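Asker: Here it is, the structure, as structure tokens.
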Amino acid sequence: MKARTPTVYERTTIGHNLADLDPLGITRTSSDMACHSELGMEFYGFCDRDLDREFTLPMTTFIGGEKPSLTLREIITRLNKIYCARTGVEYMHLTNYEQLEWVRRRFELPHVTQLDHYQKKTLFRRLMRSTNFEEFLARKWPGEKRFGLDGCEVLIPAVKQLIDRSSMLGVDSVVIGMAHRGRLNILANVCHQPLSTIFSQFSALEPADEGSGDVKYHLGVCVDRFNSESQRSVKIAVVANPSHLEAVGPVVLGKVRAELFYGGDVKADRTMAIMMHGDAALCGEGVVMETFNLNNLKAYTVGGCIHVVINNQVGFTTDPRSSRSSPYCTDIGRLLGCPIFHVNSDDPEAVIYVCNVAAEWRRTFKKDVIIDLVCYRRQGHNELDEPMFTQPLMYQRIRQMKSVFTKYQQNILDERVVDEHFIKEEIGKYNAVLEEAYVEAQNVTCIRNRECLDSPWDAFFMKRDPLKFSTTGVAKEQIDLILDKFSSIPKDFNVHKGLERILKGRQQMRKDNSYDWACGEALAFGSLLLEGASSLSL
């Protein structure tokens with residue numbers, strides 16, 4: 001007997017609404033109760049005596065693997081594990097059948113989400129470094145704002161996995177845009193900027209080179225790093241940002257677009273963008289929608305951006321129910337055909353698998369994808385705020401939460417992936433590195449802005465005095481040549497009367513030596529083209 005399609009279809013469509021996504025266990029969408037009834041077997045006419053009957057699986061699912069049929073009990077169990085556990089796969093809004101099948105296959109085939117022992121040890125190390133870095137900063141500078149990752153420490157393993165997998169697929173340049181939260185941790189544990197350089201930013205020293213200082217959680221960097229997983233070099237640029245949330249988005253994508261153009265990377269195989277967002281900013285800032293809307297246009301596309309949402313479930317002090325009308329902060333992705341992977345940040349192995357899928361999606365389809373890391377913010381908006389004033393019930397629960405690192409450490413001990421000696425040794429080695437860098441930072445006498453540039457300009461000043469201005473004027477002969485080209489009509493061309501008047505007007509301007517703004521723009525573009533500019537963007 002063939003299983004009724006709704007049993008499978010409804011879970012693939014609305015199963016994410018019932019997934020265990022909130023590590024705090026306090027958030028539920030308003031549609032939960034309706035989803036419960038629609039996903040119950042009674043809704044489709046099944047009862048308990050049908051559970052052990054075998055049903056032929058529909059052609060639209062891969063949950064059986066090589067098996068063409070399963071019992072109803074096993075069908076429901078497998079579907080719940082895939083779509084209603086700690087990952088919510090939101091993809092049935094995609095309009096391309098090939099893309100639908102691609103996502104379905106990545107999650108439904110049996111055992112595809114499991115990590116091996118090597119991957120679990122790598123995840124442990126990265127999670128440990130992310131956690132211990134934040135704890136170290138809190139101990140050494142307890143009265144400083146740092147906008148730490150406490151509560152979303154899994155972001156570091158996630159971003160590193162995105163880079164690892166993308167590098168294995170051919171990417172050698174990654175441009176990252178993000179707000180302030182977690183930036184220092186990204187610089188330390190993803191970009192591997194010297195820890196002493198980061199720690200010296202906590203001092204009162206002024207920059208010794210050109211430019212003025214900025215707060216440490218705005219700084220960027222550009223580094224070349226050898227990726228041990230792909231055995232290839234990868235350039236990582238974290239773009240500096242202002243305090244204006246999401247303003248960095250167009251800058252990141254513009255930077256990637258420029259690299260694609262000048263590097264001849266027509267298919268966007270070698271350069272990619274990773275954008276990190278806060279949940280409130282993603283759905284609250286208009287520039288996000290404007291930027292998303294350009295992503296599939298030929299003149300602006302970067303071949304897909306991977307969006308990672310640090311979903312703290314609170315925006316400064318505002319509850320999501322008071323800040324958006326949609327169930328998810330990621331619903332903008334539904335409008336533009338992005339697959340959306342919601343994942344409980346307390347399940348780091350699920351996060352790693354989702355990151356692999358996201359990297360492969362971007363490589364395969366060159367379209368955006370969203371990873372929604374549902375987490376929490378252990379401190380206030382910054383470390384000096386008291387969140388119990390505005391979210392007392394949420395923070396009462398947070399105070400009781402063990403860190404994801406503590407939980408994962410116990411998990412791999414229980415699974416006998418590692419032993420206590422391995423854990424103590426790894427923690428001890430990293431703590432020693434932190435302490436050594438702290439001592440080194442105490443001896444720093446000056447800080448330099450050049451160490452925090454996201455686009456090093458060394459070649460820009462090569463063989464020139466930076467205090468002297470180059471001549472930027474245009475010779476009169478060139479102006480005449482440009483105007484002649486812009487005001488001439490090709491032979492045997494029947495020009496519109498209105499356009500003819502404009503061209504004659506330009507000719508008159510040349511005679512009168514008086515130019516309007518439109519003519520000035522034409523001169524600007526023409527002079528750039530004569531100087532060898534290969535393309536102009538408006």
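Letters for chains follow the order of the structure tokens (A, B, ...), residue numbers begin at 1 for each chain, and ligand numbers begin at 1 in the order shown.
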Counting only C-alpha atoms, what is within 8 Å of stretch 190-201 of chain A, bar same-chain residues fewer than 2 positions away, as number ranges by chain?
Answerer: A: 156, 159-160, 184-188, 203-205, 216, 221, 223, 225, 236, 434, 437-438, 440-442, 444, 447
Asker: Identify, on the basis of only C-alpha atoms, every residue whose closest approach to A:Arg126 does not exceed 10 Å; exclude the query and any residue fewer than 6 positions from it along the same chain; express the result as an MDAnalysis selection string.
Answerer: chainID A and resid 120 132 153:158 160:161 189:190 405
Asker: DSSP on the backbone, then: every residue of stretch 177-393 of chain A marked strand (DSSP E), written as a PyMOL selection string.
Answerer: chain A and resi 177+221-227+232-238+271-278+305-311+340-344+369-374
Asker: Could the residues in this selection be saved with N, CA and C atoms as a short mmCIF file (atom, residue, chain, number, x, y, z; two decimals), in the first residue's frame?
Answerer:
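Writing done, so here's again36.cif:
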data_model
loop_
_atom_site.label_atom_id
_atom_site.label_comp_id
_atom_site.auth_asym_id
_atom_site.auth_seq_id
_atom_site.Cartn_x
_atom_site.Cartn_y
_atom_site.Cartn_z
N GLY A 177 31.30 40.01 6.29
CA GLY A 177 30.71 41.20 6.88
C GLY A 177 29.94 40.81 8.12
N VAL A 221 40.22 43.10 9.15
CA VAL A 221 41.53 42.50 8.92
C VAL A 221 41.52 41.83 7.56
N CYS A 222 42.68 41.65 6.98
CA CYS A 222 42.81 40.88 5.74
C CYS A 222 44.04 39.99 5.89
N VAL A 223 43.86 38.69 5.81
CA VAL A 223 44.95 37.75 6.04
C VAL A 223 44.91 36.64 5.00
N ASP A 224 46.06 36.04 4.78
CA ASP A 224 46.14 34.82 3.98
C ASP A 224 46.44 33.69 4.94
N ARG A 225 45.61 32.65 4.90
CA ARG A 225 45.77 31.54 5.82
C ARG A 225 45.79 30.22 5.06
N PHE A 226 46.65 29.32 5.52
CA PHE A 226 46.68 27.97 4.94
C PHE A 226 45.57 27.16 5.58
N ASN A 227 44.68 26.62 4.76
CA ASN A 227 43.57 25.83 5.26
C ASN A 227 43.98 24.37 5.33
N ARG A 232 45.00 24.23 1.00
CA ARG A 232 45.11 25.35 0.08
C ARG A 232 45.15 26.65 0.88
N SER A 233 45.72 27.69 0.27
CA SER A 233 45.75 29.01 0.89
C SER A 233 44.43 29.73 0.63
N VAL A 234 43.91 30.39 1.65
CA VAL A 234 42.65 31.13 1.54
C VAL A 234 42.86 32.54 2.08
N LYS A 235 42.44 33.54 1.30
CA LYS A 235 42.47 34.92 1.78
C LYS A 235 41.15 35.21 2.49
N ILE A 236 41.24 35.71 3.71
CA ILE A 236 40.04 36.04 4.49
C ILE A 236 40.07 37.53 4.82
N ALA A 237 39.04 38.24 4.42
CA ALA A 237 38.92 39.67 4.73
C ALA A 237 37.67 39.88 5.56
N VAL A 238 37.84 40.42 6.77
CA VAL A 238 36.70 40.83 7.60
C VAL A 238 36.59 42.34 7.44
N THR A 271 35.67 33.18 -5.28
CA THR A 271 35.45 34.25 -4.30
C THR A 271 34.02 34.18 -3.79
N MET A 272 33.83 34.33 -2.49
CA MET A 272 32.48 34.26 -1.93
C MET A 272 32.33 35.21 -0.76
N ALA A 273 31.08 35.49 -0.41
CA ALA A 273 30.75 36.38 0.70
C ALA A 273 30.05 35.60 1.80
N ILE A 274 30.39 35.93 3.04
CA ILE A 274 29.66 35.45 4.21
C ILE A 274 29.18 36.68 4.96
N MET A 275 27.87 36.80 5.15
CA MET A 275 27.31 37.92 5.90
C MET A 275 26.68 37.40 7.18
N MET A 276 27.05 38.03 8.30
CA MET A 276 26.45 37.68 9.59
C MET A 276 25.51 38.79 10.03
N HIS A 277 24.36 38.39 10.53
CA HIS A 277 23.31 39.34 10.91
C HIS A 277 22.83 39.04 12.32
N GLY A 278 22.33 40.06 13.00
CA GLY A 278 21.54 39.84 14.19
C GLY A 278 20.10 39.60 13.78
N CYS A 305 25.50 34.51 -1.65
CA CYS A 305 26.09 34.90 -0.36
C CYS A 305 25.53 33.96 0.71
N ILE A 306 26.38 33.53 1.63
CA ILE A 306 25.91 32.71 2.75
C ILE A 306 25.62 33.63 3.92
N HIS A 307 24.37 33.67 4.33
CA HIS A 307 23.94 34.52 5.44
C HIS A 307 23.84 33.68 6.72
N VAL A 308 24.51 34.13 7.77
CA VAL A 308 24.46 33.45 9.06
C VAL A 308 23.81 34.40 10.06
N VAL A 309 22.70 33.97 10.64
CA VAL A 309 21.97 34.82 11.59
C VAL A 309 22.31 34.40 13.01
N ILE A 310 22.85 35.34 13.78
CA ILE A 310 23.06 35.11 15.22
C ILE A 310 21.74 35.49 15.88
N ASN A 311 20.87 34.50 16.01
CA ASN A 311 19.50 34.74 16.46
C ASN A 311 19.42 34.65 17.98
N ILE A 340 16.32 28.02 3.77
CA ILE A 340 16.58 28.54 5.11
C ILE A 340 16.73 27.36 6.05
N PHE A 341 17.88 27.29 6.72
CA PHE A 341 18.15 26.20 7.64
C PHE A 341 18.18 26.76 9.06
N HIS A 342 17.11 26.48 9.82
CA HIS A 342 17.05 26.88 11.22
C HIS A 342 17.71 25.76 12.04
N VAL A 343 18.57 26.12 12.96
CA VAL A 343 19.26 25.07 13.71
C VAL A 343 19.48 25.52 15.15
N ASN A 344 19.25 24.59 16.07
CA ASN A 344 19.46 24.82 17.50
C ASN A 344 20.95 24.91 17.76
N VAL A 369 21.82 31.63 0.56
CA VAL A 369 21.30 30.64 1.49
C VAL A 369 21.40 31.24 2.89
N ILE A 370 20.45 30.88 3.76
CA ILE A 370 20.41 31.46 5.11
C ILE A 370 20.53 30.35 6.15
N ILE A 371 21.45 30.55 7.10
CA ILE A 371 21.57 29.67 8.27
C ILE A 371 21.11 30.47 9.48
N ASP A 372 20.07 30.01 10.13
CA ASP A 372 19.49 30.69 11.29
C ASP A 372 19.96 29.97 12.55
N LEU A 373 21.00 30.51 13.19
CA LEU A 373 21.53 29.92 14.43
C LEU A 373 20.69 30.42 15.60
N VAL A 374 19.76 29.60 16.04
CA VAL A 374 18.89 30.00 17.15
C VAL A 374 19.65 29.79 18.45
#
Asker: Going by DSSP on the backbone, which bits of stretch 207-411 of chain A are alpha helix (DSSP H)? Write them as a CSV table (one decimal) with C-alpha atoms, in the first residue's frame, please.
Answerer:
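What follows is the written file part38.csv:
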chain,number,residue,atom,x,y,z
A,248,VAL,CA,28.4,46.9,5.8
A,249,GLY,CA,26.3,44.5,3.6
A,250,PRO,CA,26.5,46.5,0.3
A,251,VAL,CA,30.2,47.1,1.0
A,252,VAL,CA,30.9,43.4,1.4
A,253,LEU,CA,29.0,42.4,-1.8
A,254,GLY,CA,30.6,45.3,-3.7
A,255,LYS,CA,34.0,44.1,-2.7
A,256,VAL,CA,33.2,40.6,-3.8
A,257,ARG,CA,31.8,41.8,-7.1
A,258,ALA,CA,35.0,43.8,-7.7
A,259,GLU,CA,37.2,40.7,-7.0
A,260,LEU,CA,35.1,38.6,-9.3
A,261,PHE,CA,35.4,41.2,-12.1
A,262,TYR,CA,39.1,41.9,-11.8
A,279,ASP,CA,18.0,38.6,14.2
A,280,ALA,CA,16.4,42.0,14.9
A,281,ALA,CA,18.6,43.8,12.3
A,282,LEU,CA,18.0,41.3,9.6
A,283,CYS,CA,14.2,41.9,9.5
A,284,GLY,CA,14.4,45.5,10.8
A,286,GLY,CA,15.7,48.4,5.1
A,287,VAL,CA,19.1,48.1,3.6
A,288,VAL,CA,18.9,44.3,4.1
A,289,MET,CA,15.9,44.0,1.8
A,290,GLU,CA,17.4,46.4,-0.8
A,291,THR,CA,20.6,44.4,-0.8
A,292,PHE,CA,18.9,41.0,-1.0
A,332,ILE,CA,12.9,37.7,3.8
A,333,GLY,CA,14.6,34.7,2.4
A,334,ARG,CA,11.2,33.1,1.4
A,335,LEU,CA,10.6,36.1,-0.9
A,348,PRO,CA,26.9,21.8,17.3
A,349,GLU,CA,27.0,18.7,15.1
A,350,ALA,CA,23.7,19.8,13.4
A,351,VAL,CA,25.2,23.2,12.9
A,352,ILE,CA,28.3,21.8,11.2
A,353,TYR,CA,26.2,19.6,8.8
A,354,VAL,CA,24.0,22.6,7.9
A,355,CYS,CA,27.2,24.6,7.1
A,356,ASN,CA,28.4,21.9,4.8
A,357,VAL,CA,25.1,21.9,3.0
A,358,ALA,CA,25.0,25.7,2.7
A,359,ALA,CA,28.5,25.8,1.2
A,360,GLU,CA,27.6,23.1,-1.3
A,361,TRP,CA,24.4,24.9,-2.2
A,362,ARG,CA,26.2,28.2,-3.0
A,363,ARG,CA,28.7,26.3,-5.1
A,364,THR,CA,26.1,24.4,-7.0
A,365,PHE,CA,23.4,27.0,-7.6
A,392,PRO,CA,13.7,38.8,33.7
A,393,LEU,CA,12.1,35.4,32.7
A,394,MET,CA,14.4,34.8,29.8
A,395,TYR,CA,17.5,35.6,31.8
A,396,GLN,CA,16.3,33.6,34.8
A,397,ARG,CA,16.4,30.6,32.4
A,398,ILE,CA,19.8,31.7,30.8
A,399,ARG,CA,21.4,31.8,34.2
A,404,VAL,CA,27.2,24.5,24.6
A,405,PHE,CA,30.9,23.6,25.1
A,406,THR,CA,30.3,22.0,28.5
A,407,LYS,CA,27.4,19.9,27.0
A,408,TYR,CA,29.3,18.9,23.9
A,409,GLN,CA,32.4,18.0,25.9
A,410,GLN,CA,30.2,15.6,28.0
A,411,ASN,CA,28.6,14.2,24.8
Asker: Tell me, in Å to one decimal, how far atom CA of A:Asn382 is from atom CA of A:Lys145.
Answerer: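 Straight-line distance from atom CA of A:Asn382 to atom CA of A:Lys145 works out to 6.0 Å.
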Asker: Between atom CA of A:Ala85 and atom CA of A:Ala19, what is the distance, to one decimal in Å?
Answerer: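 Computed distance, atom CA of A:Ala85 to atom CA of A:Ala19, equals 4.9 Å.
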Asker: Using atom CA of A:Phe316 and atom CA of A:Asp20 as the two end points, give the distance in Å to one decimal.
Answerer: 24.1 Å
Asker: For A:Asn96, please output as a list in words all residues within 12 Å (counting only C-alpha atoms; exclusion window: fewer than 6 positions along the same chain).
Answerer: Trp102, Val103, Gly337, Cys338, Pro339 and Phe365 of chain A
Asker: Got a sec: who's within 8 Å of A:Arg270, counting only C-alpha atoms, leaving out chain neighbours fewer than 6 positions off, as a count of residues only?
Answerer: 4
Asker: Please provide the set of residues having any atom within 12 Å of A:Gly473, restricted to only C-alpha atoms, with same-chain residues fewer than 2 positions apart removed, written as a ChimeraX atom specification.
Answerer: /A:469-471,475-479,523-524,527-528,531
